[in-house]
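Peer 1: Got a file for you: input.cif, mmCIF, C-alpha atoms.
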data_input
#
loop_
_atom_site.label_atom_id
_atom_site.label_comp_id
_atom_site.auth_asym_id
_atom_site.auth_seq_id
_atom_site.Cartn_x
_atom_site.Cartn_y
_atom_site.Cartn_z
CA MET A 1 -25.99 17.25 2.48
CA ALA A 2 -27.30 14.49 4.74
CA LYS A 3 -26.00 14.17 8.27
CA ASN A 4 -23.13 11.70 8.58
CA PRO A 5 -24.62 8.41 9.84
CA ILE A 6 -21.29 7.41 11.46
CA THR A 7 -20.03 9.53 14.32
CA SER A 8 -16.37 9.89 15.14
CA PRO A 9 -14.66 9.77 18.52
CA LEU A 10 -12.30 12.44 17.16
CA ALA A 11 -12.83 16.18 16.99
CA ASP A 12 -13.91 17.30 13.51
CA ALA A 13 -10.52 18.79 12.60
CA ASP A 14 -8.69 15.68 13.79
CA ARG A 15 -11.14 13.40 11.96
CA ASP A 16 -10.62 15.36 8.74
CA ALA A 17 -6.81 15.32 9.06
CA VAL A 18 -6.68 11.62 9.89
CA GLY A 19 -9.26 10.88 7.20
CA ALA A 20 -7.05 12.52 4.58
CA ILE A 21 -4.06 10.45 5.73
CA LEU A 22 -6.09 7.25 5.63
CA GLN A 23 -7.44 8.08 2.17
CA ALA A 24 -3.95 8.73 0.81
CA THR A 25 -2.77 5.47 2.36
CA LEU A 26 -5.71 3.57 0.91
CA VAL A 27 -4.99 4.87 -2.58
CA ASP A 28 -1.31 3.90 -2.37
CA LEU A 29 -2.07 0.42 -1.06
CA VAL A 30 -4.72 -0.30 -3.70
CA ASP A 31 -2.32 0.89 -6.39
CA LEU A 32 0.47 -1.29 -4.98
CA SER A 33 -1.85 -4.29 -5.18
CA LEU A 34 -2.71 -3.49 -8.80
CA ILE A 35 0.94 -2.98 -9.74
CA GLY A 36 1.77 -6.26 -8.05
CA LYS A 37 -0.85 -8.11 -10.08
CA GLN A 38 0.25 -6.42 -13.30
CA ALA A 39 3.82 -7.55 -12.67
CA HIS A 40 2.59 -11.02 -11.61
CA TRP A 41 0.94 -11.52 -14.99
CA ASN A 42 3.88 -10.19 -17.01
CA VAL A 43 7.06 -11.32 -15.28
CA ILE A 44 9.38 -13.56 -17.29
CA GLY A 45 12.84 -15.01 -16.84
CA LYS A 46 14.79 -17.76 -15.18
CA ASN A 47 13.47 -16.87 -11.70
CA PHE A 48 9.92 -16.44 -12.95
CA ARG A 49 8.25 -18.78 -10.47
CA SER A 50 9.91 -17.32 -7.39
CA VAL A 51 9.11 -13.72 -8.36
CA HIS A 52 5.62 -14.68 -9.56
CA LEU A 53 4.81 -16.21 -6.16
CA GLN A 54 6.45 -13.36 -4.23
CA LEU A 55 4.25 -10.91 -6.15
CA ASP A 56 1.16 -12.77 -4.98
CA GLU A 57 2.37 -12.40 -1.38
CA LEU A 58 2.81 -8.67 -1.93
CA VAL A 59 -0.68 -8.35 -3.42
CA VAL A 60 -2.21 -10.12 -0.41
CA LEU A 61 -0.30 -7.83 1.96
CA ALA A 62 -1.42 -4.69 0.09
CA ARG A 63 -5.06 -5.80 -0.21
CA ASN A 64 -5.33 -6.76 3.47
CA ALA A 65 -3.71 -3.51 4.55
CA ALA A 66 -5.98 -1.49 2.24
CA ASP A 67 -9.02 -3.16 3.80
CA GLN A 68 -7.80 -2.34 7.31
CA VAL A 69 -7.18 1.29 6.33
CA ALA A 70 -10.57 1.67 4.64
CA GLU A 71 -12.35 0.15 7.62
CA ARG A 72 -10.47 2.46 10.01
CA ALA A 73 -11.59 5.44 7.94
CA ALA A 74 -15.19 4.22 7.99
CA ALA A 75 -15.01 3.70 11.76
CA LEU A 76 -14.03 7.37 12.07
CA GLY A 77 -16.97 8.50 9.93
CA VAL A 78 -14.86 9.11 6.82
CA THR A 79 -16.01 7.44 3.61
CA PRO A 80 -13.10 5.64 1.92
CA ASN A 81 -12.76 5.99 -1.84
CA GLY A 82 -10.99 3.18 -3.66
CA THR A 83 -12.41 3.74 -7.13
CA ALA A 84 -10.15 3.27 -10.14
CA LYS A 85 -10.52 6.94 -11.07
CA THR A 86 -9.39 8.03 -7.60
CA ILE A 87 -6.47 5.60 -7.55
CA ALA A 88 -5.27 6.74 -10.99
CA ALA A 89 -5.56 10.41 -10.08
CA SER A 90 -3.90 10.39 -6.69
CA SER A 91 -1.56 7.44 -6.09
CA GLY A 92 1.97 8.24 -5.06
CA VAL A 93 3.29 4.77 -5.94
CA PRO A 94 5.68 4.92 -8.91
CA GLU A 95 4.32 3.48 -12.15
CA MET A 96 5.64 0.21 -13.46
CA GLU A 97 6.38 -0.45 -17.09
CA THR A 98 3.83 -2.53 -18.98
CA GLY A 99 4.46 -5.52 -21.20
CA TRP A 100 6.73 -8.48 -20.52
CA LEU A 101 9.21 -7.69 -17.76
CA LYS A 102 12.36 -9.60 -16.88
CA GLU A 103 12.38 -10.60 -13.25
CA GLU A 104 15.28 -8.20 -12.57
CA GLN A 105 13.14 -5.28 -13.80
CA VAL A 106 10.26 -6.38 -11.59
CA VAL A 107 12.46 -6.76 -8.52
CA THR A 108 14.00 -3.32 -9.07
CA SER A 109 10.65 -1.66 -9.68
CA ILE A 110 8.85 -3.30 -6.74
CA THR A 111 11.77 -2.50 -4.43
CA ALA A 112 11.61 1.16 -5.47
CA SER A 113 7.83 1.25 -5.08
CA LEU A 114 8.04 -0.18 -1.59
CA ALA A 115 10.81 2.27 -0.59
CA SER A 116 8.71 5.18 -1.82
CA LEU A 117 5.59 3.97 -0.03
CA ILE A 118 7.48 3.27 3.21
CA SER A 119 8.83 6.82 3.19
CA ARG A 120 5.30 8.21 2.86
CA MET A 121 4.01 5.82 5.52
CA ARG A 122 6.66 6.99 7.99
CA SER A 123 5.58 10.61 7.39
CA ARG A 124 1.97 9.60 7.96
CA ILE A 125 2.95 7.88 11.20
CA ASP A 126 4.46 11.18 12.37
CA GLU A 127 1.38 13.12 11.27
CA THR A 128 -0.99 10.91 13.30
CA ASP A 129 1.00 11.22 16.53
CA LYS A 130 -1.24 13.91 18.01
CA PRO A 131 -4.66 13.50 16.38
CA ASP A 132 -5.12 9.72 16.61
CA LEU A 133 -2.84 7.15 18.20
CA VAL A 134 -5.13 4.29 17.13
CA THR A 135 -4.63 5.17 13.46
CA GLN A 136 -0.93 5.70 14.13
CA ASP A 137 -0.73 2.18 15.56
CA LEU A 138 -2.44 0.78 12.45
CA LEU A 139 0.01 2.62 10.18
CA ILE A 140 2.97 1.40 12.23
CA GLY A 141 1.84 -2.21 11.83
CA ILE A 142 1.33 -1.86 8.09
CA THR A 143 4.69 -0.13 7.71
CA GLN A 144 6.39 -2.97 9.57
CA GLU A 145 4.91 -5.45 7.06
CA LEU A 146 5.92 -3.25 4.11
CA GLU A 147 9.45 -2.96 5.47
CA GLN A 148 9.70 -6.73 5.81
CA ALA A 149 8.52 -7.11 2.20
CA HIS A 150 11.01 -4.43 1.12
CA TRP A 151 13.83 -6.40 2.74
CA MET A 152 12.78 -9.56 0.94
CA TRP A 153 12.59 -7.81 -2.43
CA GLN A 154 16.01 -6.26 -1.86
CA ALA A 155 17.38 -9.71 -1.02
CA GLN A 156 16.22 -10.90 -4.46
CA ALA A 157 18.63 -8.43 -6.09
CA ALA A 158 21.53 -8.83 -3.65
#
What's the structure tokens form of this structure?

Peer 2:
Amino acid sequence: MAKNPITSPLADADRDAVGAILQATLVDLVDLSLIGKQAHWNVIGKNFRSVHLQLDELVVLARNAADQVAERAAALGVTPNGTAKTIAASSGVPEMETGWLKEEQVVTSITASLASLISRMRSRIDETDKPDLVTQDLLIGITQELEQAHWMWQAQAA
């Protein structure tokens, strides 16, 4: 194997642990963006336009966060993997039904997906407390955005 061209400021064990956390986060965020687009294309109902536009906002959030996570991994000398095969094999985001979906189904599903992801993000925040505060800070910021989105999706159903 060739020598890693990107060196890490972290010790090898810390780099590997943080790299695994970043990879898992990347996979979840890419999957969230894909689920958001799938729902965006298939949502129907009286509140179609509102949910359709809110899904686009969620996709932008997820894609931007995924890019930040992947670039953090690369900066630490860890190669990010966002291939479709990897996403399908390892995402922790709950699947969404396919086909036409009433806006109530979409709101319920997206709200549950965000709750699940936020729970995993909070665990990852705890796990990065010792090995890398910079990554922890990144995860805190992303989680704050996800929690704001979660609130707004919950408000749709309230």

Peer 1: Translate the PyMOL selection byres ((chain A and resi 94-99) around 12), as applied to the file shown, into an explicit residue set as an mmCIF file with C-alpha atoms, in the frame of the given file.

Peer 2:
data_model
loop_
_atom_site.group_PDB
_atom_site.id
_atom_site.type_symbol
_atom_site.label_atom_id
_atom_site.label_comp_id
_atom_site.auth_asym_id
_atom_site.auth_seq_id
_atom_site.Cartn_x
_atom_site.Cartn_y
_atom_site.Cartn_z
ATOM 1 C CA ASP A 28 -1.310 3.900 -2.370
ATOM 2 C CA LEU A 29 -2.070 0.420 -1.060
ATOM 3 C CA ASP A 31 -2.320 0.890 -6.390
ATOM 4 C CA LEU A 32 0.470 -1.290 -4.980
ATOM 5 C CA LEU A 34 -2.710 -3.490 -8.800
ATOM 6 C CA ILE A 35 0.940 -2.980 -9.740
ATOM 7 C CA GLY A 36 1.770 -6.260 -8.050
ATOM 8 C CA LYS A 37 -0.850 -8.110 -10.080
ATOM 9 C CA GLN A 38 0.250 -6.420 -13.300
ATOM 10 C CA ALA A 39 3.820 -7.550 -12.670
ATOM 11 C CA HIS A 40 2.590 -11.020 -11.610
ATOM 12 C CA TRP A 41 0.940 -11.520 -14.990
ATOM 13 C CA ASN A 42 3.880 -10.190 -17.010
ATOM 14 C CA VAL A 43 7.060 -11.320 -15.280
ATOM 15 C CA ILE A 44 9.380 -13.560 -17.290
ATOM 16 C CA ILE A 87 -6.470 5.600 -7.550
ATOM 17 C CA ALA A 88 -5.270 6.740 -10.990
ATOM 18 C CA SER A 90 -3.900 10.390 -6.690
ATOM 19 C CA SER A 91 -1.560 7.440 -6.090
ATOM 20 C CA GLY A 92 1.970 8.240 -5.060
ATOM 21 C CA VAL A 93 3.290 4.770 -5.940
ATOM 22 C CA TRP A 100 6.730 -8.480 -20.520
ATOM 23 C CA LEU A 101 9.210 -7.690 -17.760
ATOM 24 C CA LYS A 102 12.360 -9.600 -16.880
ATOM 25 C CA GLN A 105 13.140 -5.280 -13.800
ATOM 26 C CA VAL A 106 10.260 -6.380 -11.590
ATOM 27 C CA VAL A 107 12.460 -6.760 -8.520
ATOM 28 C CA THR A 108 14.000 -3.320 -9.070
ATOM 29 C CA SER A 109 10.650 -1.660 -9.680
ATOM 30 C CA ILE A 110 8.850 -3.300 -6.740
ATOM 31 C CA THR A 111 11.770 -2.500 -4.430
ATOM 32 C CA ALA A 112 11.610 1.160 -5.470
ATOM 33 C CA SER A 113 7.830 1.250 -5.080
ATOM 34 C CA LEU A 114 8.040 -0.180 -1.590
ATOM 35 C CA ALA A 115 10.810 2.270 -0.590
ATOM 36 C CA SER A 116 8.710 5.180 -1.820
ATOM 37 C CA LEU A 117 5.590 3.970 -0.030
#

Peer 1: Enumerate, as a list in words, the residues matched when the PyMOL selection byres ((chain A and resi 126-141) around 8) is run on the file above.

Peer 2: Leu10, Asp14, Arg15, Ala17, Val18, Val69, Arg72, Met121, Arg122, Ser123, Arg124, Ile125, Ile142, Thr143, Gln144 and Glu145 of chain A

Peer 1: Report, in Å to a single decimal, how far apart CA of Ser8 in chain A and CA of Ala24 in chain A are.

Peer 2: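 These atoms are spaced 19.0 Å apart.
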
Peer 1: For CA of Ala70 in chain A and CA of Lys3 in chain A, determine how far apart the two atoms are, in Å to one decimal place.

Peer 2: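 For CA of Ala70 in chain A relative to CA of Lys3 in chain A, the distance reads 20.2 Å.
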
Peer 1: Rounded to one decimal in Å, what is the spacing between CA of Gln148 in chain A and CA of Asp56 in chain A?

Peer 2: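 Going from CA of Gln148 in chain A over to CA of Asp56 in chain A, I get 15.0 Å.
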
Peer 1: For Ala75 in chain A, which of A:Gln54, A:Thr7, A:Thr25, A:Gln156 is the closest residue, counting only C-alpha atoms?

Peer 2: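 Nearest to Ala75 in chain A: A:Thr7.
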
Peer 1: Restricting the calculation to all atoms listed in the file: of A:Asn47, A:Ser119, A:Gln68, A:Gln23, which residue gets closest to Thr83 in chain A?

Peer 2: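 The shortest atom-to-atom distance to Thr83 in chain A comes from A:Gln23.
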
Peer 1: Between A:Leu61, A:Leu26, A:Ala89, A:Ala11, which is the closest to Glu147 in chain A once you count only C-alpha atoms?

Peer 2: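 Residue with the minimum atom-to-atom distance to Glu147 in chain A: A:Leu61.
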
Peer 1: How would range 46-60 of chain A look with N, CA, C and O atoms restored, written as a tab-separated table (two decimals), in the coordinates of the input?

Peer 2:
chain	number	residue	atom	x	y	z
A	46	LYS	N	14.37	-16.51	-15.80
A	46	LYS	CA	14.79	-17.76	-15.18
A	46	LYS	C	14.26	-17.91	-13.75
A	46	LYS	O	14.08	-19.02	-13.28
A	47	ASN	N	14.02	-16.82	-13.06
A	47	ASN	CA	13.47	-16.87	-11.70
A	47	ASN	C	12.00	-16.52	-11.68
A	47	ASN	O	11.47	-16.04	-10.68
A	48	PHE	N	11.34	-16.77	-12.80
A	48	PHE	CA	9.92	-16.44	-12.95
A	48	PHE	C	9.08	-16.93	-11.78
A	48	PHE	O	8.35	-16.17	-11.17
A	49	ARG	N	9.16	-18.21	-11.48
A	49	ARG	CA	8.25	-18.78	-10.47
A	49	ARG	C	8.43	-18.13	-9.11
A	49	ARG	O	7.46	-17.79	-8.44
A	50	SER	N	9.64	-17.94	-8.69
A	50	SER	CA	9.91	-17.32	-7.39
A	50	SER	C	9.34	-15.91	-7.32
A	50	SER	O	8.66	-15.54	-6.36
A	51	VAL	N	9.60	-15.11	-8.34
A	51	VAL	CA	9.11	-13.72	-8.36
A	51	VAL	C	7.60	-13.70	-8.51
A	51	VAL	O	6.90	-12.92	-7.85
A	52	HIS	N	7.07	-14.57	-9.35
A	52	HIS	CA	5.62	-14.68	-9.56
A	52	HIS	C	4.91	-14.94	-8.22
A	52	HIS	O	3.92	-14.27	-7.89
A	53	LEU	N	5.41	-15.88	-7.45
A	53	LEU	CA	4.81	-16.21	-6.16
A	53	LEU	C	5.01	-15.09	-5.14
A	53	LEU	O	4.12	-14.79	-4.34
A	54	GLN	N	6.17	-14.46	-5.16
A	54	GLN	CA	6.45	-13.36	-4.23
A	54	GLN	C	5.53	-12.18	-4.53
A	54	GLN	O	5.10	-11.47	-3.61
A	55	LEU	N	5.20	-11.97	-5.78
A	55	LEU	CA	4.25	-10.91	-6.15
A	55	LEU	C	2.87	-11.18	-5.57
A	55	LEU	O	2.19	-10.26	-5.10
A	56	ASP	N	2.45	-12.43	-5.59
A	56	ASP	CA	1.16	-12.77	-4.98
A	56	ASP	C	1.16	-12.45	-3.49
A	56	ASP	O	0.17	-11.94	-2.95
A	57	GLU	N	2.27	-12.73	-2.81
A	57	GLU	CA	2.37	-12.40	-1.38
A	57	GLU	C	2.25	-10.89	-1.17
A	57	GLU	O	1.58	-10.45	-0.23
A	58	LEU	N	2.88	-10.12	-2.03
A	58	LEU	CA	2.81	-8.67	-1.93
A	58	LEU	C	1.39	-8.17	-2.15
A	58	LEU	O	0.91	-7.28	-1.44
A	59	VAL	N	0.70	-8.75	-3.13
A	59	VAL	CA	-0.68	-8.35	-3.42
A	59	VAL	C	-1.58	-8.64	-2.21
A	59	VAL	O	-2.40	-7.79	-1.82
A	60	VAL	N	-1.42	-9.79	-1.60
A	60	VAL	CA	-2.21	-10.12	-0.41
A	60	VAL	C	-1.92	-9.12	0.71
A	60	VAL	O	-2.85	-8.62	1.36
